[in-house]
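Structure file work-v2.pdb; described as PDB, C-alpha atoms and all ligand atoms.
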```pdb
ATOM      1  CA  MET G   1     -16.131 -46.393 -46.235
ATOM      2  CA  THR G   2     -18.590 -43.557 -45.601
ATOM      3  CA  ASP G   3     -17.270 -40.220 -44.502
ATOM      4  CA  LEU G   4     -18.545 -39.659 -40.973
ATOM      5  CA  PRO G   5     -18.668 -36.066 -39.780
ATOM      6  CA  ARG G   6     -15.494 -35.226 -37.886
ATOM      7  CA  ILE G   7     -15.785 -34.872 -34.130
ATOM      8  CA  PRO G   8     -14.541 -31.360 -33.331
ATOM      9  CA  LEU G   9     -11.421 -31.138 -31.218
ATOM     10  CA  ALA G  10     -10.288 -28.203 -29.118
ATOM     11  CA  GLY G  11      -7.729 -27.852 -26.377
ATOM     12  CA  VAL G  12      -5.240 -25.687 -24.576
ATOM     13  CA  ILE G  13      -1.559 -25.265 -25.372
ATOM     14  CA  GLY G  14       1.012 -24.120 -22.829
ATOM     15  CA  HIS G  15       4.359 -25.102 -21.347
ATOM     16  CA  PRO G  16       3.837 -26.493 -18.749
ATOM     17  CA  ILE G  17       0.133 -27.312 -18.958
ATOM     18  CA  ALA G  18      -0.615 -29.776 -16.148
ATOM     19  CA  HIS G  19      -1.962 -27.035 -13.840
ATOM     20  CA  SER G  20      -4.598 -25.826 -16.319
ATOM     21  CA  ARG G  21      -8.226 -26.002 -15.201
ATOM     22  CA  SER G  22      -9.495 -25.475 -18.734
ATOM     23  CA  PRO G  23      -9.819 -29.208 -19.594
ATOM     24  CA  ALA G  24     -12.046 -29.762 -16.534
ATOM     25  CA  LEU G  25     -14.155 -26.743 -17.456
ATOM     26  CA  HIS G  26     -14.668 -27.552 -21.131
ATOM     27  CA  GLY G  27     -15.063 -31.244 -20.303
ATOM     28  CA  HIS G  28     -17.879 -30.321 -17.917
ATOM     29  CA  TRP G  29     -19.660 -28.261 -20.576
ATOM     30  CA  LEU G  30     -19.260 -30.932 -23.279
ATOM     31  CA  LYS G  31     -20.776 -33.555 -20.987
ATOM     32  CA  ARG G  32     -23.496 -31.291 -19.636
ATOM     33  CA  TYR G  33     -24.748 -30.301 -23.084
ATOM     34  CA  GLY G  34     -24.239 -33.745 -24.651
ATOM     35  CA  ILE G  35     -21.914 -32.347 -27.310
ATOM     36  CA  LYS G  36     -19.739 -34.715 -29.297
ATOM     37  CA  GLY G  37     -16.290 -33.193 -29.021
ATOM     38  CA  HIS G  38     -13.072 -33.306 -27.039
ATOM     39  CA  TYR G  39     -10.923 -30.741 -25.235
ATOM     40  CA  ILE G  40      -7.305 -31.749 -24.717
ATOM     41  CA  PRO G  41      -4.385 -30.239 -22.742
ATOM     42  CA  MET G  42      -1.205 -30.100 -24.846
ATOM     43  CA  ASP G  43       2.276 -29.318 -23.607
ATOM     44  CA  ILE G  44       3.944 -27.528 -26.515
ATOM     45  CA  ALA G  45       7.467 -26.154 -26.097
ATOM     46  CA  PRO G  46       8.145 -22.733 -27.683
ATOM     47  CA  ALA G  47      10.398 -24.301 -30.334
ATOM     48  CA  ASP G  48       7.502 -26.500 -31.518
ATOM     49  CA  LEU G  49       4.833 -23.814 -31.627
ATOM     50  CA  VAL G  50       4.956 -23.078 -35.359
ATOM     51  CA  ASP G  51       4.799 -26.782 -36.297
ATOM     52  CA  ALA G  52       1.992 -27.427 -33.827
ATOM     53  CA  LEU G  53      -0.106 -24.597 -35.290
ATOM     54  CA  LYS G  54       0.292 -26.086 -38.762
ATOM     55  CA  MET G  55      -0.675 -29.576 -37.625
ATOM     56  CA  LEU G  56      -3.576 -28.967 -35.259
ATOM     57  CA  PRO G  57      -6.155 -27.916 -37.879
ATOM     58  CA  LYS G  58      -5.189 -30.924 -40.011
ATOM     59  CA  LEU G  59      -5.823 -33.204 -37.037
ATOM     60  CA  GLY G  60      -9.371 -31.929 -36.660
ATOM     61  CA  PHE G  61      -8.895 -29.077 -34.193
ATOM     62  CA  VAL G  62     -11.378 -26.228 -34.619
ATOM     63  CA  GLY G  63      -9.519 -23.978 -32.213
ATOM     64  CA  ILE G  64      -7.516 -23.804 -29.015
ATOM     65  CA  ASN G  65      -6.869 -21.781 -25.896
ATOM     66  CA  VAL G  66      -3.376 -20.447 -25.459
ATOM     67  CA  THR G  67      -1.643 -19.963 -22.159
ATOM     68  CA  ILE G  68       1.812 -19.157 -20.759
ATOM     69  CA  PRO G  69       4.349 -18.835 -22.404
ATOM     70  CA  HIS G  70       2.651 -18.546 -25.816
ATOM     71  CA  LYS G  71       0.056 -15.805 -25.316
ATOM     72  CA  GLU G  72       2.183 -13.003 -26.799
ATOM     73  CA  THR G  73       4.104 -14.976 -29.464
ATOM     74  CA  ILE G  74       0.888 -16.324 -30.905
ATOM     75  CA  LEU G  75      -0.130 -12.858 -32.139
ATOM     76  CA  ARG G  76       2.701 -12.885 -34.653
ATOM     77  CA  LEU G  77       1.641 -16.300 -35.944
ATOM     78  CA  ALA G  78      -2.058 -15.519 -36.360
ATOM     79  CA  ASP G  79      -3.559 -14.267 -39.637
ATOM     80  CA  VAL G  80      -6.372 -12.215 -38.107
ATOM     81  CA  VAL G  81      -6.047 -10.511 -34.717
ATOM     82  CA  THR G  82      -9.010  -8.816 -33.011
ATOM     83  CA  ASP G  83      -8.592  -5.193 -31.913
ATOM     84  CA  ARG G  84      -8.754  -6.107 -28.254
ATOM     85  CA  ALA G  85      -6.082  -8.807 -28.601
ATOM     86  CA  ALA G  86      -3.857  -6.329 -30.442
ATOM     87  CA  LEU G  87      -4.411  -3.692 -27.750
ATOM     88  CA  ILE G  88      -3.612  -6.160 -24.982
ATOM     89  CA  GLY G  89      -0.673  -7.620 -26.911
ATOM     90  CA  ALA G  90      -1.710 -11.212 -26.180
ATOM     91  CA  ALA G  91      -4.281 -13.781 -27.248
ATOM     92  CA  ASN G  92      -5.900 -16.599 -25.294
ATOM     93  CA  THR G  93      -8.399 -17.970 -27.828
ATOM     94  CA  LEU G  94      -7.726 -19.153 -31.386
ATOM     95  CA  ILE G  95     -10.180 -20.205 -34.037
ATOM     96  CA  PHE G  96      -8.926 -22.311 -36.934
ATOM     97  CA  ARG G  97     -11.117 -21.056 -39.750
ATOM     98  CA  LYS G  98     -12.322 -23.191 -42.629
ATOM     99  CA  ASP G  99     -10.332 -21.031 -45.075
ATOM    100  CA  GLY G 100      -7.137 -22.030 -43.237
ATOM    101  CA  LYS G 101      -6.655 -18.713 -41.467
ATOM    102  CA  ILE G 102      -5.924 -18.488 -37.746
ATOM    103  CA  HIS G 103      -8.099 -15.996 -35.882
ATOM    104  CA  ALA G 104      -6.738 -14.769 -32.516
ATOM    105  CA  ASP G 105      -8.787 -13.109 -29.789
ATOM    106  CA  ASN G 106      -8.331 -12.151 -26.154
ATOM    107  CA  THR G 107     -11.349 -12.833 -23.958
ATOM    108  CA  ASP G 108      -9.714 -12.144 -20.570
ATOM    109  CA  GLY G 109     -11.111  -8.626 -20.217
ATOM    110  CA  ALA G 110     -14.603  -9.662 -21.302
ATOM    111  CA  GLY G 111     -14.379 -12.589 -18.868
ATOM    112  CA  PHE G 112     -13.443 -10.251 -16.058
ATOM    113  CA  MET G 113     -16.353  -7.950 -16.860
ATOM    114  CA  ALA G 114     -18.900 -10.764 -17.208
ATOM    115  CA  ASN G 115     -17.858 -12.140 -13.821
ATOM    116  CA  LEU G 116     -18.191  -8.728 -12.195
ATOM    117  CA  ARG G 117     -21.597  -8.151 -13.765
ATOM    118  CA  GLN G 118     -22.782 -11.539 -12.515
ATOM    119  CA  LEU G 119     -21.437 -11.341  -8.961
ATOM    120  CA  ALA G 120     -21.492  -7.581  -8.288
ATOM    121  CA  PRO G 121     -24.374  -6.321 -10.455
ATOM    122  CA  GLN G 122     -24.680  -3.194  -8.326
ATOM    123  CA  TRP G 123     -21.320  -1.903  -9.592
ATOM    124  CA  GLN G 124     -21.534   0.657 -12.391
ATOM    125  CA  PRO G 125     -18.581   2.044 -14.387
ATOM    126  CA  THR G 126     -19.505   5.591 -13.346
ATOM    127  CA  ASP G 127     -19.606   4.777  -9.599
ATOM    128  CA  GLY G 128     -16.135   6.203  -9.033
ATOM    129  CA  PRO G 129     -12.432   5.539  -9.522
ATOM    130  CA  VAL G 130     -11.134   1.999  -9.906
ATOM    131  CA  ALA G 131      -7.883   1.007  -8.159
ATOM    132  CA  VAL G 132      -5.725  -1.699  -9.755
ATOM    133  CA  PHE G 133      -2.721  -3.298  -8.064
ATOM    134  CA  GLY G 134      -0.404  -4.856 -10.644
ATOM    135  CA  ALA G 135       0.499  -4.088 -14.254
ATOM    136  CA  GLY G 136       1.214  -7.494 -15.808
ATOM    137  CA  GLY G 137      -0.580  -9.206 -18.682
ATOM    138  CA  ALA G 138      -3.776  -9.846 -16.727
ATOM    139  CA  ALA G 139      -3.939  -6.236 -15.497
ATOM    140  CA  ARG G 140      -3.599  -4.988 -19.060
ATOM    141  CA  ALA G 141      -6.617  -7.015 -20.229
ATOM    142  CA  VAL G 142      -8.717  -5.913 -17.256
ATOM    143  CA  ILE G 143      -7.822  -2.230 -17.636
ATOM    144  CA  ALA G 144      -8.609  -2.265 -21.367
ATOM    145  CA  ALA G 145     -12.049  -3.705 -20.525
ATOM    146  CA  LEU G 146     -12.645  -1.112 -17.784
ATOM    147  CA  ILE G 147     -11.874   1.696 -20.219
ATOM    148  CA  GLU G 148     -14.166   0.140 -22.816
ATOM    149  CA  VAL G 149     -17.150   0.092 -20.443
ATOM    150  CA  GLY G 150     -16.617   3.757 -19.553
ATOM    151  CA  VAL G 151     -14.662   3.925 -16.282
ATOM    152  CA  ARG G 152     -13.353   7.498 -16.019
ATOM    153  CA  GLU G 153     -10.403   7.099 -13.647
ATOM    154  CA  ILE G 154      -8.178   4.081 -13.110
ATOM    155  CA  ARG G 155      -5.509   4.267 -10.433
ATOM    156  CA  LEU G 156      -2.634   1.926 -11.022
ATOM    157  CA  ALA G 157       0.361   0.888  -8.946
ATOM    158  CA  ASN G 158       2.952  -1.748  -9.704
ATOM    159  CA  ARG G 159       6.048  -2.852  -7.853
ATOM    160  CA  THR G 160       8.018  -2.139 -11.036
ATOM    161  CA  ARG G 161       6.770   1.349 -11.847
ATOM    162  CA  ILE G 162       7.893   1.369 -15.473
ATOM    163  CA  ARG G 163       5.373  -1.361 -16.328
ATOM    164  CA  ALA G 164       2.562   0.829 -14.995
ATOM    165  CA  GLU G 165       3.893   3.790 -16.989
ATOM    166  CA  THR G 166       4.017   1.657 -20.134
ATOM    167  CA  LEU G 167       0.422   0.630 -19.563
ATOM    168  CA  ARG G 168      -0.628   4.248 -19.248
ATOM    169  CA  HIS G 169       1.278   5.077 -22.417
ATOM    170  CA  ASP G 170      -0.481   2.257 -24.294
ATOM    171  CA  LEU G 171      -3.986   2.495 -22.857
ATOM    172  CA  GLY G 172      -4.462   6.198 -22.280
ATOM    173  CA  ALA G 173      -4.897   9.154 -20.045
ATOM    174  CA  LYS G 174      -7.620   7.732 -17.807
ATOM    175  CA  LEU G 175      -4.835   5.934 -15.967
ATOM    176  CA  VAL G 176      -3.229   7.618 -12.982
ATOM    177  CA  VAL G 177       0.002   5.923 -11.930
ATOM    178  CA  TYR G 178       0.768   5.767  -8.200
ATOM    179  CA  ASP G 179       4.131   4.854  -6.823
ATOM    180  CA  TRP G 180       4.142   1.391  -5.175
ATOM    181  CA  VAL G 181       5.083   3.026  -1.838
ATOM    182  CA  HIS G 182       1.946   5.187  -2.089
ATOM    183  CA  ALA G 183      -0.348   2.340  -3.128
ATOM    184  CA  ARG G 184      -2.191   2.588   0.202
ATOM    185  CA  ASP G 185      -3.796   5.838  -1.023
ATOM    186  CA  MET G 186      -5.371   4.185  -4.062
ATOM    187  CA  PRO G 187      -8.500   2.654  -2.454
ATOM    188  CA  ASP G 188      -9.479   6.053  -0.991
ATOM    189  CA  GLY G 189     -12.868   6.821  -2.567
ATOM    190  CA  ALA G 190     -12.545   3.955  -5.074
ATOM    191  CA  ALA G 191     -15.725   2.079  -6.009
ATOM    192  CA  LEU G 192     -13.830  -0.978  -7.222
ATOM    193  CA  VAL G 193     -10.461  -2.333  -6.085
ATOM    194  CA  ILE G 194      -8.683  -5.087  -8.002
ATOM    195  CA  ASN G 195      -5.721  -7.291  -7.154
ATOM    196  CA  ALA G 196      -4.087  -8.062 -10.488
ATOM    197  CA  THR G 197      -0.742  -9.050  -8.958
ATOM    198  CA  SER G 198       0.124 -12.652  -8.212
ATOM    199  CA  LEU G 199       0.307 -11.849  -4.492
ATOM    200  CA  GLY G 200      -1.833 -14.180  -2.432
ATOM    201  CA  MET G 201      -1.470 -17.083  -4.839
ATOM    202  CA  SER G 202      -0.629 -20.389  -3.152
ATOM    203  CA  GLY G 203       3.127 -20.766  -3.012
ATOM    204  CA  LYS G 204       3.860 -17.033  -3.509
ATOM    205  CA  PRO G 205       5.089 -14.638  -0.792
ATOM    206  CA  ASP G 206       2.337 -13.663   1.608
ATOM    207  CA  LEU G 207       2.716  -9.926   1.106
ATOM    208  CA  ARG G 208      -0.352  -7.871   1.947
ATOM    209  CA  LEU G 209      -1.754  -5.102  -0.196
ATOM    210  CA  PRO G 210      -2.593  -1.981   1.799
ATOM    211  CA  LEU G 211      -6.368  -1.713   2.259
ATOM    212  CA  GLU G 212      -6.726   0.661   5.226
ATOM    213  CA  ARG G 213      -8.440   3.218   2.996
ATOM    214  CA  LEU G 214     -10.883   0.778   1.395
ATOM    215  CA  GLU G 215     -14.421   2.180   1.584
ATOM    216  CA  ARG G 216     -17.238   0.150   3.126
ATOM    217  CA  GLY G 217     -19.525  -0.982   0.310
ATOM    218  CA  ALA G 218     -16.800  -0.824  -2.361
ATOM    219  CA  VAL G 219     -16.377  -3.891  -4.559
ATOM    220  CA  ALA G 220     -13.087  -5.808  -4.214
ATOM    221  CA  THR G 221     -12.042  -8.520  -6.630
ATOM    222  CA  ASP G 222      -8.974 -10.689  -7.038
ATOM    223  CA  LEU G 223      -7.691 -12.257 -10.245
ATOM    224  CA  VAL G 224      -6.002 -14.963  -8.165
ATOM    225  CA  TYR G 225      -8.268 -17.990  -7.647
ATOM    226  CA  THR G 226      -5.931 -20.444  -5.920
ATOM    227  CA  PRO G 227      -6.926 -20.142  -3.123
ATOM    228  CA  LEU G 228     -10.440 -18.860  -3.789
ATOM    229  CA  MET G 229     -10.390 -16.783  -0.619
ATOM    230  CA  THR G 230      -7.131 -14.840  -0.886
ATOM    231  CA  PRO G 231      -5.698 -12.715   1.959
ATOM    232  CA  PHE G 232      -6.729  -9.664  -0.152
ATOM    233  CA  LEU G 233     -10.378 -10.783  -0.275
ATOM    234  CA  THR G 234     -10.413 -11.805   3.390
ATOM    235  CA  GLU G 235      -9.211  -8.384   4.441
ATOM    236  CA  ALA G 236     -11.497  -6.537   2.017
ATOM    237  CA  GLN G 237     -14.491  -8.458   3.356
ATOM    238  CA  ALA G 238     -13.510  -7.669   6.945
ATOM    239  CA  ARG G 239     -13.492  -3.989   5.962
ATOM    240  CA  GLY G 240     -17.049  -4.177   4.660
ATOM    241  CA  ALA G 241     -16.378  -4.548   0.926
ATOM    242  CA  HIS G 242     -18.463  -6.706  -1.404
ATOM    243  CA  ILE G 243     -16.038  -9.350  -2.644
ATOM    244  CA  VAL G 244     -15.843 -11.236  -5.943
ATOM    245  CA  ASP G 245     -13.364 -14.094  -6.282
ATOM    246  CA  GLY G 246     -11.273 -14.761  -9.386
ATOM    247  CA  LEU G 247     -12.635 -18.137 -10.460
ATOM    248  CA  GLY G 248     -15.531 -16.613 -12.404
ATOM    249  CA  MET G 249     -13.145 -14.708 -14.675
ATOM    250  CA  LEU G 250     -11.552 -18.014 -15.688
ATOM    251  CA  LEU G 251     -14.972 -19.520 -16.369
ATOM    252  CA  HIS G 252     -16.313 -16.559 -18.328
ATOM    253  CA  GLN G 253     -13.190 -16.053 -20.465
ATOM    254  CA  ALA G 254     -13.632 -19.636 -21.651
ATOM    255  CA  ALA G 255     -17.253 -19.297 -22.799
ATOM    256  CA  PRO G 256     -16.693 -17.430 -26.117
ATOM    257  CA  GLY G 257     -14.186 -20.045 -27.324
ATOM    258  CA  PHE G 258     -16.495 -22.920 -26.413
ATOM    259  CA  GLU G 259     -19.343 -21.219 -28.258
ATOM    260  CA  ARG G 260     -17.296 -20.702 -31.425
ATOM    261  CA  TRP G 261     -15.815 -24.220 -31.478
ATOM    262  CA  PHE G 262     -18.829 -26.280 -30.445
ATOM    263  CA  ASN G 263     -21.685 -23.998 -31.520
ATOM    264  CA  TYR G 264     -23.293 -23.727 -28.119
ATOM    265  CA  ARG G 265     -23.262 -20.856 -25.626
ATOM    266  CA  PRO G 266     -22.385 -22.439 -22.263
ATOM    267  CA  GLU G 267     -23.675 -21.213 -18.930
ATOM    268  CA  VAL G 268     -21.481 -20.106 -16.063
ATOM    269  CA  ASP G 269     -23.277 -21.010 -12.853
ATOM    270  CA  ASP G 270     -22.803 -22.822  -9.562
ATOM    271  CA  ALA G 271     -22.626 -26.210 -11.303
ATOM    272  CA  THR G 272     -19.799 -24.922 -13.517
ATOM    273  CA  ARG G 273     -17.902 -23.595 -10.514
ATOM    274  CA  ALA G 274     -18.387 -26.859  -8.633
ATOM    275  CA  ALA G 275     -17.180 -28.941 -11.589
ATOM    276  CA  VAL G 276     -13.951 -26.964 -11.856
ATOM    277  CA  LEU G 277     -13.346 -26.837  -8.113
ATOM    278  CA  SER G 278     -13.773 -30.573  -7.683
ATOM    279  CA  ALA G 279     -11.481 -31.477 -10.608
TER     280      ALA G 279
HETATM  281  P1  LIG C   1      -0.044 -11.998 -15.229
HETATM  282  O1  LIG C   1      -0.086 -12.406 -16.671
HETATM  283  O2  LIG C   1      -0.756 -12.938 -14.312
HETATM  284  O3  LIG C   1      -0.451 -10.577 -15.029
HETATM  285  P2  LIG C   1       2.689 -11.159 -14.913
HETATM  286  O4  LIG C   1       2.640 -10.436 -16.207
HETATM  287  O5  LIG C   1       3.920 -11.948 -14.568
HETATM  288  O6  LIG C   1       1.486 -12.179 -14.769
HETATM  289  O7  LIG C   1       2.412 -10.095 -13.735
HETATM  290  C1  LIG C   1       2.476 -10.410 -12.371
HETATM  291  C2  LIG C   1       2.119  -9.181 -11.552
HETATM  292  O8  LIG C   1       2.301  -9.465 -10.143
HETATM  293  C3  LIG C   1       2.994  -7.966 -11.838
HETATM  294  O9  LIG C   1       2.239  -6.796 -11.620
HETATM  295  C4  LIG C   1       4.093  -8.136 -10.767
HETATM  296  O10 LIG C   1       4.804  -6.968 -10.464
HETATM  297  P3  LIG C   1       6.178  -6.640 -11.276
HETATM  298  O11 LIG C   1       5.754  -6.080 -12.596
HETATM  299  O12 LIG C   1       6.866  -5.651 -10.419
HETATM  300  O13 LIG C   1       6.914  -7.957 -11.381
HETATM  301  C5  LIG C   1       3.252  -8.553  -9.588
HETATM  302  N1  LIG C   1       4.045  -9.189  -8.547
HETATM  303  C6  LIG C   1       4.554 -10.439  -8.553
HETATM  304  N2  LIG C   1       5.218 -10.692  -7.408
HETATM  305  C7  LIG C   1       5.145  -9.560  -6.641
HETATM  306  C8  LIG C   1       5.619  -9.176  -5.341
HETATM  307  N3  LIG C   1       6.323 -10.023  -4.576
HETATM  308  N4  LIG C   1       5.332  -7.929  -4.893
HETATM  309  C9  LIG C   1       4.614  -7.074  -5.665
HETATM  310  N5  LIG C   1       4.121  -7.377  -6.890
HETATM  311  C10 LIG C   1       4.387  -8.601  -7.380
END
```

Would you mind writing the file out in structure tokens?
Amino acid sequence: MTDLPRIPLAGVIGHPIAHSRSPALHGHWLKRYGIKGHYIPMDIAPADLVDALKMLPKLGFVGINVTIPHKETILRLADVVTDRAALIGAANTLIFRKDGKIHADNTDGAGFMANLRQLAPQWQPTDGPVAVFGAGGAARAVIAALIEVGVREIRLANRTRIRAETLRHDLGAKLVVYDWVHARDMPDGAALVINATSLGMSGKPDLRLPLERLERGAVATDLVYTPLMTPFLTEAQARGAHIVDGLGMLLHQAAPGFERWFNYRPEVDDATRAAVLSA
């Protein structure tokens, strides 16, 4: 029997995994570019994570995405961790290298920035302060990326203040922590306002973030993308802000992994958005 070249496999591991849009996204790109490969959702319980990581490369996987609840644990199991993944304390993209080593990266921040650059190209890091609501894992990745591109002041408020303080401790003095009860002051003079909480997500409490002080012409973006038009974005738009929804961040964070696994840089455009939305 001749040895045929192996068809590269990639996928996403999480627990649960049924909600993930990544298979629809990567499936769209594979089909669109006529690439021989597969992208598979895999429900892996925490207790099985170590075994799964040993097996996947042997089965022909060239890499995987990692989602909740494995994004932090995976750092301890990887052999090589990029600086940005280490800084964020979580990884979302793994590459199974030919030498057997597992390379872990975090592309969330870069995905956020690429989406902003595409849909709000007028925004510049030096335009003014950035206001961030929320200090969870997603906020951490976004704030690290904002600092990297040269934003000088980041205002941060979180319901649980200690998480915001920890973020400032880890990411530096450009962060100014506001108390949650004073969060309404944050958009005052801000050029960019970001919802990095889960508020507004379908099925979550319909609490509103205070936007009375949002400037006309500021950019407002939400990391929540179900629904696409969140109450935060609806209100920001009504106040004259330029809005950017959260779906693009999901699409852009996926592109570097696809490129490494399948050797092709995929585009993020209207067709990509439509493919994921209709899945
Ligand atoms: P992710 O990885 O998406 O950032 P996370 O780490 O669980 O998820 O963070 C969720 C964020 O939404 C946090 O900032 C959280 O605030 P707490 O740190 O106080 O939990 C915020 N959040 C969730 N529900 C909230 C609510 N009802 N009111 C205010 N903030 C809320």

Reference answer for the PyMOL selection byres (((chain G and resi 252-256) around 7) and not hetatm), as a list of chain:residue names = G:Thr107, G:Asp108, G:Ala110, G:Gly111, G:Ala114, G:Asn115, G:Gly248, G:Met249, G:Leu250, G:Leu251, G:Gly257, G:Phe258, G:Glu259, G:Arg260, G:Arg265, G:Pro266, G:Val268

ask   = Out of G:Glu72, G:Glu153, G:Asp105, G:Asp83, which residue has the shortest atom-to-atom distance to ligand LIG 1 (chain C) when counting all atoms listed in the file?
value =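 Ranking G:Glu72, G:Glu153, G:Asp105, G:Asp83 by distance to ligand LIG 1 (chain C), first place goes to G:Glu72.
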
Report as AutoDock Vina command-line options the centre and the edge lengths, in Å to one decimal, of the axis-aligned box holding every listed atom of ligand LIG 1 (chain C), padded by 5 Å on each side.
```
--center_x 3.1 --center_y -9.3 --center_z -10.6 --size_x 17.7 --size_y 17.3 --size_z 22.1
```

Mind dumping a table of every chain G residue within 8 Å of ligand LIG 1 (chain C), with the nearest atom pair and its distance in Å to one decimal, using all atoms listed in the file, sorted by chain and rising number, as a tab-separated table?
```
residue	atom	partner	partner_atom	distance
G:Phe133	CA	C:LIG1	O9	7.0
G:Gly134	CA	C:LIG1	O9	3.4
G:Ala135	CA	C:LIG1	O9	4.2
G:Gly136	CA	C:LIG1	O4	3.3
G:Gly137	CA	C:LIG1	O1	3.8
G:Ala138	CA	C:LIG1	O3	3.8
G:Ala139	CA	C:LIG1	O3	5.6
G:Arg140	CA	C:LIG1	O3	7.6
G:Asn158	CA	C:LIG1	O9	5.4
G:Arg159	CA	C:LIG1	O12	3.9
G:Thr160	CA	C:LIG1	O12	3.7
G:Arg161	CA	C:LIG1	O12	7.1
G:Arg163	CA	C:LIG1	O11	6.0
G:Ala164	CA	C:LIG1	O11	8.0
G:Ala196	CA	C:LIG1	O3	6.3
G:Thr197	CA	C:LIG1	O8	3.3
G:Ser198	CA	C:LIG1	O8	4.3
G:Leu199	CA	C:LIG1	C7	5.8
G:Lys204	CA	C:LIG1	N3	7.5
G:Pro205	CA	C:LIG1	N3	6.1
G:Leu207	CA	C:LIG1	N3	6.7
```

task = Select, from G:Gly217, G:Gly128, G:Gly27, G:Gly246, the residue with the minimum atom-to-atom distance to Val276 of chain G, counting only C-alpha atoms.
result =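 When distances to Val276 of chain G are compared using only C-alpha atoms, the smallest one comes from G:Gly27.
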
Distance in Å - atom CA of Gly203 of chain G versus atom CA of Leu228 of chain G =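 Atom CA of Gly203 of chain G sits 13.7 Å away from atom CA of Leu228 of chain G.
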
inquiry  = Need the shell around segment 11-23 of chain G: protein/DNA/RNA residues with any atom at most 9 Å away, counting all atoms listed in the file. Skip same-chain ones fewer than 4 positions apart. Format as a VMD selection string?
reply    = chain G and resid 27 to 28 38 to 46 61 63 to 71 93 250 to 251 254 276 to 277 279

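Closest to Ala218 of chain G among G:Ala78, G:Ala24, G:Leu192, G:Ile95 is G:Leu192, based on only C-alpha atoms.
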
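The space between atom CA of Met229 of chain G and atom CA of Asp245 of chain G spans 6.9 Å.
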
ask   = Applied to the shown file, which residues does the PyMOL selection byres (((chain G and resi 80) around 8) and not hetatm) return, written as a ChimeraX atom specification?
value = /G:78-79,81-82,101-104

task = Calculate how many Å separate atom CA of Ala271 of chain G from atom CA of Arg6 of chain G, rounding to one decimal.
result =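 Here the two named atoms are 29.0 Å from each other.
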
task = Determine the residue set returned by the PyMOL selection byres (((chain G and resi 179-188) around 6) and not hetatm) for the present structure, and present it as a list in words.
result = Ala131, Ala157, Asn158, Arg159, Tyr178, Gly189, Ala190, Pro210, Arg213 and Leu214 of chain G

key: Protein/DNA/RNA residues near (-19.7, -26.7, -35.7), cut 10 Å, only C-alpha atoms, as a PyMOL selection string   = chain G and resi 6-8+37+62+259-264

task = Have a look at G:Gly200, G:Gly34, G:Pro129, G:Pro227 and name the one nearest to Leu175 of chain G; count all atoms listed in the file.
result =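 When distances to Leu175 of chain G are compared using all atoms listed in the file, the smallest one comes from G:Pro129.
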
ask   = Pick the closest to Val224 of chain G from G:Asn106, G:Ser202, G:Thr126, G:Ser278: which is it, counting all atoms listed in the file?
value =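 The shortest atom-to-atom distance to Val224 of chain G comes from G:Ser202.
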